[in-house]
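Chemist: Sharing final.cif (mmCIF, C-alpha atoms and all ligand atoms) below.
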```
data_model
loop_
_atom_site.label_atom_id
_atom_site.label_comp_id
_atom_site.auth_asym_id
_atom_site.auth_seq_id
_atom_site.Cartn_x
_atom_site.Cartn_y
_atom_site.Cartn_z
CA MET A 1 0.00 0.00 0.00
CA ASN A 2 1.34 3.44 -0.91
CA LEU A 3 1.20 5.71 2.14
CA ALA A 4 2.97 8.74 0.64
CA PRO A 5 2.28 11.81 2.78
CA GLY A 6 -0.67 14.09 2.04
CA THR A 7 -0.24 17.81 1.63
CA ALA A 8 -2.60 19.71 3.96
CA LEU A 9 0.29 20.57 6.31
CA LEU A 10 3.18 20.32 3.86
CA ASP A 11 6.21 22.36 5.10
CA LYS A 12 4.61 22.90 8.52
CA VAL A 13 6.77 22.11 11.54
CA ALA A 14 4.68 20.63 14.35
CA ILE A 15 5.74 19.73 17.89
CA ILE A 16 3.54 17.03 19.42
CA THR A 17 3.97 16.38 23.14
CA GLY A 18 2.88 13.05 24.58
CA ALA A 19 3.67 11.44 21.22
CA SER A 20 5.02 8.15 22.60
CA GLU A 21 1.60 6.48 22.76
CA GLY A 22 -2.16 6.84 22.79
CA ILE A 23 -3.71 10.00 21.37
CA GLY A 24 -0.37 11.79 20.84
CA GLU A 25 0.97 8.91 18.77
CA ALA A 26 -2.18 8.93 16.61
CA ILE A 27 -1.92 12.71 16.14
CA ALA A 28 1.73 12.41 15.12
CA ARG A 29 0.92 9.69 12.61
CA THR A 30 -2.01 11.63 11.13
CA LEU A 31 -0.10 14.92 10.82
CA ALA A 32 2.96 13.20 9.31
CA ILE A 33 1.26 10.74 6.95
CA ASP A 34 -2.09 12.35 6.10
CA GLY A 35 -0.92 15.95 6.52
CA GLY A 36 2.69 15.78 5.27
CA ALA A 37 3.97 17.81 8.26
CA CYS A 38 7.42 17.66 9.84
CA VAL A 39 6.69 16.16 13.26
CA ILE A 40 8.71 16.56 16.43
CA LEU A 41 7.84 13.67 18.71
CA ALA A 42 8.23 14.69 22.36
CA SER A 43 7.80 12.79 25.63
CA ARG A 44 9.92 11.25 28.39
CA GLN A 45 10.35 7.76 26.84
CA ILE A 46 12.85 8.30 24.02
CA SER A 47 12.94 4.60 23.03
CA LYS A 48 9.20 4.67 22.24
CA LEU A 49 9.60 7.91 20.27
CA THR A 50 12.48 6.47 18.25
CA ASP A 51 10.42 3.36 17.56
CA LEU A 52 7.50 5.52 16.37
CA ALA A 53 9.85 7.53 14.13
CA THR A 54 11.03 4.28 12.52
CA ARG A 55 7.42 3.20 11.92
CA LEU A 56 6.48 6.57 10.43
CA ILE A 57 9.42 6.43 8.03
CA ALA A 58 8.44 2.87 7.05
CA ALA A 59 4.92 4.20 6.36
CA GLY A 60 6.17 6.82 3.91
CA CYS A 61 7.19 9.81 6.05
CA PRO A 62 10.47 11.30 4.71
CA GLU A 63 13.32 10.75 7.20
CA ASP A 64 13.96 14.50 7.45
CA ASN A 65 10.35 15.05 8.52
CA VAL A 66 10.56 13.33 11.89
CA LEU A 67 12.57 14.20 15.00
CA PRO A 68 12.17 12.33 18.30
CA VAL A 69 13.18 14.41 21.36
CA GLN A 70 13.13 13.41 25.02
CA CYS A 71 11.25 16.02 27.04
CA ASP A 72 9.47 16.11 30.37
CA VAL A 73 6.99 18.94 29.77
CA SER A 74 6.67 19.64 33.49
CA LYS A 75 10.33 20.81 33.45
CA LEU A 76 10.83 24.25 31.93
CA GLU A 77 14.49 23.47 31.11
CA ASP A 78 13.39 20.43 29.06
CA ALA A 79 10.81 22.54 27.20
CA ARG A 80 13.48 25.15 26.40
CA ALA A 81 15.95 22.51 25.21
CA LEU A 82 13.28 20.97 22.97
CA PHE A 83 12.52 24.35 21.38
CA GLU A 84 16.25 24.98 20.73
CA LYS A 85 16.61 21.56 19.05
CA VAL A 86 13.66 22.26 16.77
CA ILE A 87 14.95 25.71 15.80
CA ASN A 88 18.43 24.28 15.10
CA ARG A 89 16.98 21.56 12.90
CA TYR A 90 14.05 23.29 11.14
CA GLY A 91 14.45 27.02 11.85
CA ARG A 92 10.85 27.47 12.95
CA VAL A 93 7.82 26.11 14.78
CA ASP A 94 4.41 26.45 13.09
CA VAL A 95 2.30 24.22 15.31
CA LEU A 96 2.40 23.14 18.95
CA VAL A 97 0.11 20.29 19.99
CA ASN A 98 -0.01 20.04 23.78
CA CYS A 99 -1.15 16.45 24.24
CA ALA A 100 1.04 15.15 27.10
CA GLY A 101 -1.10 14.50 30.12
CA CYS A 102 -1.96 12.15 32.94
CA MET A 103 -5.19 11.24 34.67
CA TYR A 104 -5.74 9.33 37.90
CA TYR A 105 -9.15 8.30 39.18
CA THR A 106 -9.00 9.27 42.86
CA LEU A 107 -11.57 10.02 45.51
CA MET A 108 -10.52 13.18 47.32
CA LYS A 109 -11.23 11.48 50.65
CA ASN A 110 -8.47 8.96 49.87
CA GLY A 111 -5.83 11.71 49.90
CA GLN A 112 -3.52 10.65 47.05
CA THR A 113 -1.51 13.86 47.16
CA GLU A 114 1.30 12.65 44.91
CA GLU A 115 -1.18 11.91 42.10
CA TRP A 116 -2.90 15.29 42.64
CA ALA A 117 0.46 17.04 42.25
CA ARG A 118 1.53 15.04 39.20
CA GLN A 119 -1.68 15.89 37.32
CA ILE A 120 -1.20 19.59 38.02
CA ASP A 121 2.50 19.42 37.07
CA VAL A 122 1.97 17.71 33.73
CA ASN A 123 -1.47 18.96 32.67
CA CYS A 124 -1.12 22.60 33.80
CA HIS A 125 2.61 23.42 34.06
CA GLY A 126 3.30 21.27 31.00
CA VAL A 127 0.97 23.41 28.90
CA THR A 128 2.25 26.74 30.24
CA ASN A 129 5.89 25.64 29.85
CA MET A 130 5.48 24.51 26.26
CA THR A 131 3.33 27.48 25.28
CA GLY A 132 5.81 29.84 26.92
CA VAL A 133 8.79 28.55 24.97
CA VAL A 134 7.16 28.80 21.51
CA LEU A 135 5.08 31.94 21.94
CA ASN A 136 7.57 34.74 21.33
CA HIS A 137 8.85 32.90 18.27
CA MET A 138 5.30 32.68 16.87
CA ILE A 139 4.65 36.34 17.71
CA GLU A 140 7.86 37.37 15.94
CA HIS A 141 6.86 35.41 12.84
CA ARG A 142 3.20 36.50 13.08
CA ARG A 143 1.92 32.99 12.58
CA GLY A 144 1.35 29.86 14.58
CA HIS A 145 -1.23 27.46 15.90
CA ILE A 146 -1.33 26.13 19.45
CA LEU A 147 -3.68 23.19 19.89
CA ASN A 148 -4.39 21.69 23.30
CA ILE A 149 -5.85 18.24 23.91
CA THR A 150 -8.05 19.08 26.86
CA SER A 151 -11.08 16.93 27.74
CA ASP A 152 -14.82 16.94 28.19
CA ALA A 153 -13.72 16.90 31.85
CA GLY A 154 -12.64 20.50 31.26
CA LYS A 155 -16.26 21.42 30.48
CA ARG A 156 -17.91 19.64 33.40
CA GLY A 157 -16.50 18.17 36.60
CA PHE A 158 -16.46 14.36 36.73
CA ALA A 159 -16.75 12.54 40.07
CA GLY A 160 -13.57 10.56 40.76
CA LEU A 161 -11.61 13.05 38.64
CA ALA A 162 -11.72 16.22 40.76
CA VAL A 163 -8.08 17.21 40.31
CA TYR A 164 -7.97 16.04 36.69
CA SER A 165 -11.14 18.00 35.85
CA GLY A 166 -9.68 21.02 37.62
CA SER A 167 -6.48 20.73 35.58
CA LYS A 168 -8.49 20.67 32.33
CA PHE A 169 -10.67 23.62 33.46
CA PHE A 170 -7.36 25.44 34.00
CA ILE A 171 -6.45 24.87 30.34
CA GLU A 172 -9.86 26.17 29.24
CA GLY A 173 -9.46 29.44 31.17
CA PHE A 174 -5.82 29.76 30.14
CA THR A 175 -6.77 29.28 26.48
CA GLN A 176 -9.59 31.83 26.47
CA ALA A 177 -7.25 34.48 27.84
CA LEU A 178 -4.27 33.50 25.68
CA ARG A 179 -6.38 33.58 22.51
CA GLN A 180 -7.31 37.19 23.16
CA GLU A 181 -3.67 38.13 23.86
CA VAL A 182 -2.35 36.65 20.62
CA VAL A 183 -5.14 37.29 18.14
CA GLU A 184 -3.37 40.45 16.89
CA TYR A 185 -0.34 38.35 15.89
CA GLY A 186 -2.29 35.95 13.68
CA ILE A 187 -1.90 33.08 16.14
CA ARG A 188 -4.73 30.57 16.56
CA VAL A 189 -5.43 28.61 19.74
CA THR A 190 -7.68 25.53 19.59
CA ASN A 191 -8.91 23.23 22.33
CA VAL A 192 -9.91 19.72 21.28
CA GLN A 193 -12.02 18.22 24.10
CA PRO A 194 -12.34 14.44 23.82
CA GLY A 195 -14.60 12.19 25.84
CA ASP A 196 -13.38 8.67 26.59
CA VAL A 197 -10.73 7.40 24.16
CA ALA A 198 -9.33 3.85 24.10
CA THR A 199 -5.82 4.35 25.53
CA LYS A 200 -3.98 3.24 28.68
CA LEU A 201 -4.64 6.60 30.39
CA ALA A 202 -7.18 5.43 33.01
CA SER A 203 -5.35 2.17 33.72
CA ARG A 204 -2.53 4.07 35.45
CA SER A 205 -4.89 4.92 38.34
CA THR A 206 -4.05 3.27 41.68
CA ASP A 207 -7.25 4.16 43.55
CA ALA A 208 -9.29 1.04 42.75
CA GLU A 209 -12.31 2.32 44.69
CA ALA A 210 -12.51 5.45 42.52
CA ARG A 211 -11.95 3.59 39.27
CA THR A 212 -14.51 0.89 39.99
CA LYS A 213 -17.10 3.49 40.89
CA TYR A 214 -16.52 6.07 38.17
CA ASP A 215 -14.48 4.87 35.16
CA GLY A 216 -16.91 5.60 32.31
CA SER A 217 -14.66 4.00 29.68
CA GLU A 218 -15.75 0.60 31.05
CA ALA A 219 -19.49 1.30 30.77
CA GLY A 220 -19.96 -1.08 27.82
CA HIS A 221 -20.53 1.36 24.94
CA ARG A 222 -18.10 1.99 22.09
CA ILE A 223 -15.62 4.74 23.00
CA LEU A 224 -13.42 6.80 20.68
CA ASP A 225 -10.25 5.52 19.02
CA PRO A 226 -7.10 7.69 19.20
CA GLU A 227 -7.32 8.05 15.40
CA ASP A 228 -10.70 9.81 15.77
CA VAL A 229 -8.89 12.54 17.68
CA GLY A 230 -5.98 12.52 15.20
CA ARG A 231 -8.35 13.27 12.29
CA THR A 232 -10.00 16.05 14.30
CA VAL A 233 -6.65 17.67 15.00
CA LEU A 234 -5.67 17.55 11.31
CA PHE A 235 -9.03 19.11 10.42
CA ALA A 236 -8.53 21.97 12.90
CA LEU A 237 -4.96 22.64 11.75
CA SER A 238 -5.86 22.57 8.04
CA GLN A 239 -8.37 25.41 8.03
CA PRO A 240 -7.67 28.57 6.01
CA LEU A 241 -5.94 31.33 7.98
CA HIS A 242 -9.12 33.37 8.46
CA VAL A 243 -10.90 30.41 10.14
CA ALA A 244 -10.38 29.55 13.80
CA LEU A 245 -11.84 26.36 15.23
CA ASN A 246 -11.56 27.49 18.82
CA GLU A 247 -13.16 24.47 20.50
CA ILE A 248 -14.08 20.99 19.33
CA LEU A 249 -15.96 18.69 21.72
CA ILE A 250 -15.62 15.12 20.39
CA GLU A 251 -17.31 12.36 22.34
CA PRO A 252 -18.46 8.77 21.93
CA GLN A 253 -21.91 8.91 20.31
CA ALA A 254 -23.34 6.95 23.25
CA ALA A 255 -21.97 9.25 25.96
CA PRO A 256 -22.63 12.98 25.61
CA ILE A 257 -21.89 15.10 28.69
N1 LIG B 1 -7.84 8.72 26.87
C1 LIG B 1 -8.88 9.52 27.09
O1 LIG B 1 -10.03 9.06 27.34
C2 LIG B 1 -8.73 10.99 27.03
C3 LIG B 1 -7.49 11.61 27.05
N2 LIG B 1 -7.41 12.98 27.05
C4 LIG B 1 -6.13 13.65 27.10
O2 LIG B 1 -5.32 13.23 26.02
C5 LIG B 1 -3.95 13.35 26.36
C6 LIG B 1 -3.23 12.05 26.02
O3 LIG B 1 -3.81 11.02 26.77
P1 LIG B 1 -3.79 9.49 26.32
O4 LIG B 1 -3.14 9.36 25.01
O5 LIG B 1 -5.14 8.95 26.55
O6 LIG B 1 -2.87 8.90 27.47
P2 LIG B 1 -1.63 7.89 27.44
O7 LIG B 1 -1.40 7.54 28.87
O8 LIG B 1 -1.85 6.83 26.45
O9 LIG B 1 -0.44 8.83 26.92
C7 LIG B 1 0.03 9.88 27.70
C8 LIG B 1 1.16 10.53 26.97
O10 LIG B 1 1.62 11.65 27.73
C9 LIG B 1 3.03 11.55 27.88
N3 LIG B 1 3.46 12.15 29.13
C10 LIG B 1 3.03 11.91 30.38
N4 LIG B 1 3.70 12.66 31.26
C11 LIG B 1 4.57 13.40 30.55
C12 LIG B 1 5.54 14.38 30.88
N5 LIG B 1 5.77 14.74 32.15
N6 LIG B 1 6.26 14.95 29.89
C13 LIG B 1 6.05 14.58 28.59
N7 LIG B 1 5.15 13.68 28.22
C14 LIG B 1 4.42 13.08 29.19
C15 LIG B 1 3.32 10.04 27.83
O11 LIG B 1 4.63 9.81 27.37
P3 LIG B 1 5.88 9.38 28.26
O12 LIG B 1 5.40 8.39 29.27
O13 LIG B 1 6.82 8.82 27.23
O14 LIG B 1 6.41 10.65 28.86
C16 LIG B 1 2.33 9.60 26.77
O15 LIG B 1 2.88 9.81 25.49
C17 LIG B 1 -3.91 13.73 27.84
O16 LIG B 1 -3.72 15.12 27.95
C18 LIG B 1 -5.30 13.36 28.32
O17 LIG B 1 -5.71 14.15 29.41
C19 LIG B 1 -8.53 13.77 26.99
C20 LIG B 1 -9.76 13.20 26.96
C21 LIG B 1 -9.97 11.79 26.95
N1 LIG B 2 -13.06 11.22 29.28
C1 LIG B 2 -12.38 12.15 30.06
C2 LIG B 2 -12.77 12.04 31.47
O1 LIG B 2 -13.57 11.31 31.89
C3 LIG B 2 -10.90 12.01 29.97
O2 LIG B 2 -10.43 10.85 29.93
O3 LIG B 2 -10.25 13.04 29.91
#
```
Could I get this file's structure written as structure tokens?
Ligand SMILES: NC(=O)C1=CN([C@@H]2O[C@H](COP(=O)(O)OP(=O)(O)OC[C@H]3O[C@@H](n4cnc5c(N)ncnc54)[C@H](OP(=O)(O)O)[C@@H]3O)[C@@H](O)[C@H]2O)C=CC1
Ligand SMILES: N[C@@H](C=O)C(=O)O
Modeler:
Amino acid sequence: MNLAPGTALLDKVAIITGASEGIGEAIARTLAIDGGACVILASRQISKLTDLATRLIAAGCPEDNVLPVQCDVSKLEDARALFEKVINRYGRVDVLVNCAGCMYYTLMKNGQTEEWARQIDVNCHGVTNMTGVVLNHMIEHRRGHILNITSDAGKRGFAGLAVYSGSKFFIEGFTQALRQEVVEYGIRVTNVQPGDVATKLASRSTDAEARTKYDGSEAGHRILDPEDVGRTVLFALSQPLHVALNEILIEPQAAPI
């Protein structure tokens, strides 16, 4: 089968955080193969990123169009180093997809403070760190698109996900304000808000009581595939410059909020 890259994002340089698996991996594949973008694959597990790069190249992505970079988005120094690597290699950043994230089902009464802190570190600081390192570059070049993978849990609080929902509400408020600050520079900011998607995200929870009681992804209906989100991201990034898809709520048909 010929999987030569498409052209909707040809010559665009896109950083995708959380690209080692799940939704981020699907976004990277869609942007590289269906969009023809140069993709920078970022997360902590470099071996998984390198493996994905090899698979993308085997699927038709030109070797020069893929760059795996180790980066913990909760660390500002990692975010800065990632940006420098991308500028050295490609000279610019057109698109930032903030996808890295973690979610732990926890009941607040069970006091899992380490998991509260990690969700805030990755989901909130990760987004501000990455946005902060690309923003002045995008302003200088008067172009750019920042796309956040938030959640339907950023539109309504979900029991068992109090801290996670709070972290996604943070991104919603952050985005509304940021969008107004950067509109004059031609920069677009999109939030894609998925409902349950079939990844390993929820399985990392250690609070069995919370997960048993509230994990909606095990309710028996068909949930989204990561590729459903990948196509949505490509659609949002491919719009003409005068069009801004500011929010896209994408949910399993059987489970509207
Ligand atoms: N699955 C779902 O139902 C939904 C998911 N989302 C959101 O989608 C995003 C991706 O989730 P999903 O693909 O399901 O989850 P996965 O657990 O499958 O993937 C999470 C990704 O985030 C990366 N990551 C985690 N911590 C860090 C960090 N500190 N620095 C850099 N990368 C990190 C992981 O890579 P590594 O371990 O290599 O660092 C991995 O690539 C998250 O923001 C999540 O909130 C939103 C709605 C629904
Ligand atoms: N579906 C969402 C919360 O329940 C999410 O996984 O972000």
Chemist: Between A:Gly154, A:Gly101, A:Gly18, A:Gly186, which one has atoms that come closest to Gln70 (chain A), using all atoms listed in the file?
Modeler: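 Looking at the shortest contact to Gln70 (chain A), the residue is A:Gly18.
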Chemist: Pick from A:Lys12, A:Arg29, A:Lys200, A:Lys75: nearest to Asn129 (chain A), with only C-alpha atoms counted?
Modeler: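 Distance minimum relative to Asn129 (chain A) lands on A:Lys75.
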Chemist: Can you work out which residues are within 7 Å of ligand LIG 2 (chain B), considering all atoms listed in the file, and then hand them over as a PyMOL selection string?
Modeler: chain A and resi 151-153+158+194-197+216
Chemist: Please measure the separation of CA of Cys99 (chain A) and CA of Ala162 (chain A), giving the value in Å to one decimal.
Modeler: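 Going from CA of Cys99 (chain A) over to CA of Ala162 (chain A) covers 19.6 Å.
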Chemist: Which polymer residues have any atom within 7 Å of an atom of Val95 (chain A), counting only C-alpha atoms, with same-chain residues fewer than 6 positions away left out, as a VMD selection string?
Modeler: chain A and resid 13 to 15 144 to 146
Chemist: I'd like the contact shell of region 244-248 of chain A - 7 Å cut-off, only C-alpha atoms, skipping same-chain residues fewer than 6 positions apart - returned as a list in words.
Modeler: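 Counting only the stated atoms, we get Arg188, Val189, Thr190, Asn191, Val192, Gln193 and Ala236 of chain A.
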Chemist: Dump C-alpha atoms for the selected residues as a PDB file, in the frame of the given file?
Modeler:
```
ATOM      1  CA  ARG A 188      -4.730  30.570  16.560  1.00  0.00           C
ATOM      2  CA  VAL A 189      -5.430  28.610  19.740  1.00  0.00           C
ATOM      3  CA  THR A 190      -7.680  25.530  19.590  1.00  0.00           C
ATOM      4  CA  ASN A 191      -8.910  23.230  22.330  1.00  0.00           C
ATOM      5  CA  VAL A 192      -9.910  19.720  21.280  1.00  0.00           C
ATOM      6  CA  GLN A 193     -12.020  18.220  24.100  1.00  0.00           C
ATOM      7  CA  ALA A 236      -8.530  21.970  12.900  1.00  0.00           C
TER       8      ALA A 236
END
```
Chemist: Return as a VMD selection string the residues of protein, DNA or RNA that approach ligand LIG 1 (chain B) to within 6 Å, with all atoms listed in the file taken into account.
Modeler: chain A and resid 17 to 24 43 to 45 71 to 74 99 to 102 122 149 to 151 194 to 201
Chemist: Kindly give the distance, in Å, that separates CA of Ile40 (chain A) and CA of Val69 (chain A), rounded to a single decimal.
Modeler: 7.0 Å
Chemist: Tell me which protein, DNA and RNA residues are within 8 Å of region 207-215 of chain A, counting all atoms listed in the file, leaving out same-chain ones fewer than 6 positions away, and put them as a PyMOL selection string.
Modeler: chain A and resi 104-107+159-160
Chemist: For the atom pair CA of Pro256 (chain A) and CA of Arg156 (chain A), what is the interatomic distance in Å to one decimal place?
Modeler: 11.3 Å
Chemist: Just checking: using all atoms listed in the file, which residue out of A:Ala8, A:Cys124, A:Leu82, A:Cys61 ends up closest to Phe169 (chain A)?
Modeler: A:Cys124
Chemist: Tell me which of A:Pro68, A:Gly220, A:Gly111, A:Pro252 sits closest to Ile16 (chain A), counting all atoms listed in the file.
Modeler: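 The shortest atom-to-atom distance to Ile16 (chain A) comes from A:Pro68.
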Chemist: Restricting the calculation to all atoms listed in the file: of A:Asn136, A:Asp228, A:Phe170, A:Trp116, which residue gets closest to Gly157 (chain A)?
Modeler: A:Phe170
Chemist: With all atoms listed in the file counted, which protein, DNA or RNA residues have an atom no more than 10 Å from (-1.1, 26.0, 29.9) in the file frame? Please answer as JSON, numbers by chain.
Modeler: {"A": [98, 122, 123, 124, 125, 126, 127, 128, 129, 130, 131, 132, 148, 167, 168, 170, 171, 172, 173, 174, 175, 178]}
Chemist: Keeping C-alpha atoms for every residue in the selection just given, could you write it to a file as a tab-separated table (two decimals), in the coordinates of the input?
Modeler:
```tsv
chain	number	residue	atom	x	y	z
A	98	ASN	CA	-0.01	20.04	23.78
A	122	VAL	CA	1.97	17.71	33.73
A	123	ASN	CA	-1.47	18.96	32.67
A	124	CYS	CA	-1.12	22.60	33.80
A	125	HIS	CA	2.61	23.42	34.06
A	126	GLY	CA	3.30	21.27	31.00
A	127	VAL	CA	0.97	23.41	28.90
A	128	THR	CA	2.25	26.74	30.24
A	129	ASN	CA	5.89	25.64	29.85
A	130	MET	CA	5.48	24.51	26.26
A	131	THR	CA	3.33	27.48	25.28
A	132	GLY	CA	5.81	29.84	26.92
A	148	ASN	CA	-4.39	21.69	23.30
A	167	SER	CA	-6.48	20.73	35.58
A	168	LYS	CA	-8.49	20.67	32.33
A	170	PHE	CA	-7.36	25.44	34.00
A	171	ILE	CA	-6.45	24.87	30.34
A	172	GLU	CA	-9.86	26.17	29.24
A	173	GLY	CA	-9.46	29.44	31.17
A	174	PHE	CA	-5.82	29.76	30.14
A	175	THR	CA	-6.77	29.28	26.48
A	178	LEU	CA	-4.27	33.50	25.68
```
Chemist: Compare A:Pro226, A:Ser205, A:Leu41, A:Leu67 by their minimum atom-to-atom distance to Glu114 (chain A), counting only C-alpha atoms, and give me the closest one.
Modeler: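 The closest residue to Glu114 (chain A) is A:Ser205.
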Chemist: Draw an axis-aligned box tight on the listed atoms of region 89-105 of chain A, then pad every side by 5 Å and write out centre and edge lengths in Å to one decimal as JSON.
Modeler:
```
{"center_x": 3.9, "center_y": 17.9, "center_z": 25.2, "size_x": 36.1, "size_y": 29.2, "size_z": 38.0}
```
Chemist: Which residues are near His137 (chain A)? Cut-off 10 Å, only C-alpha atoms, ignore same chain within fewer than 5 positions. Put them as a PyMOL selection string.
Modeler: chain A and resi 83+87+92-94+132+142-144
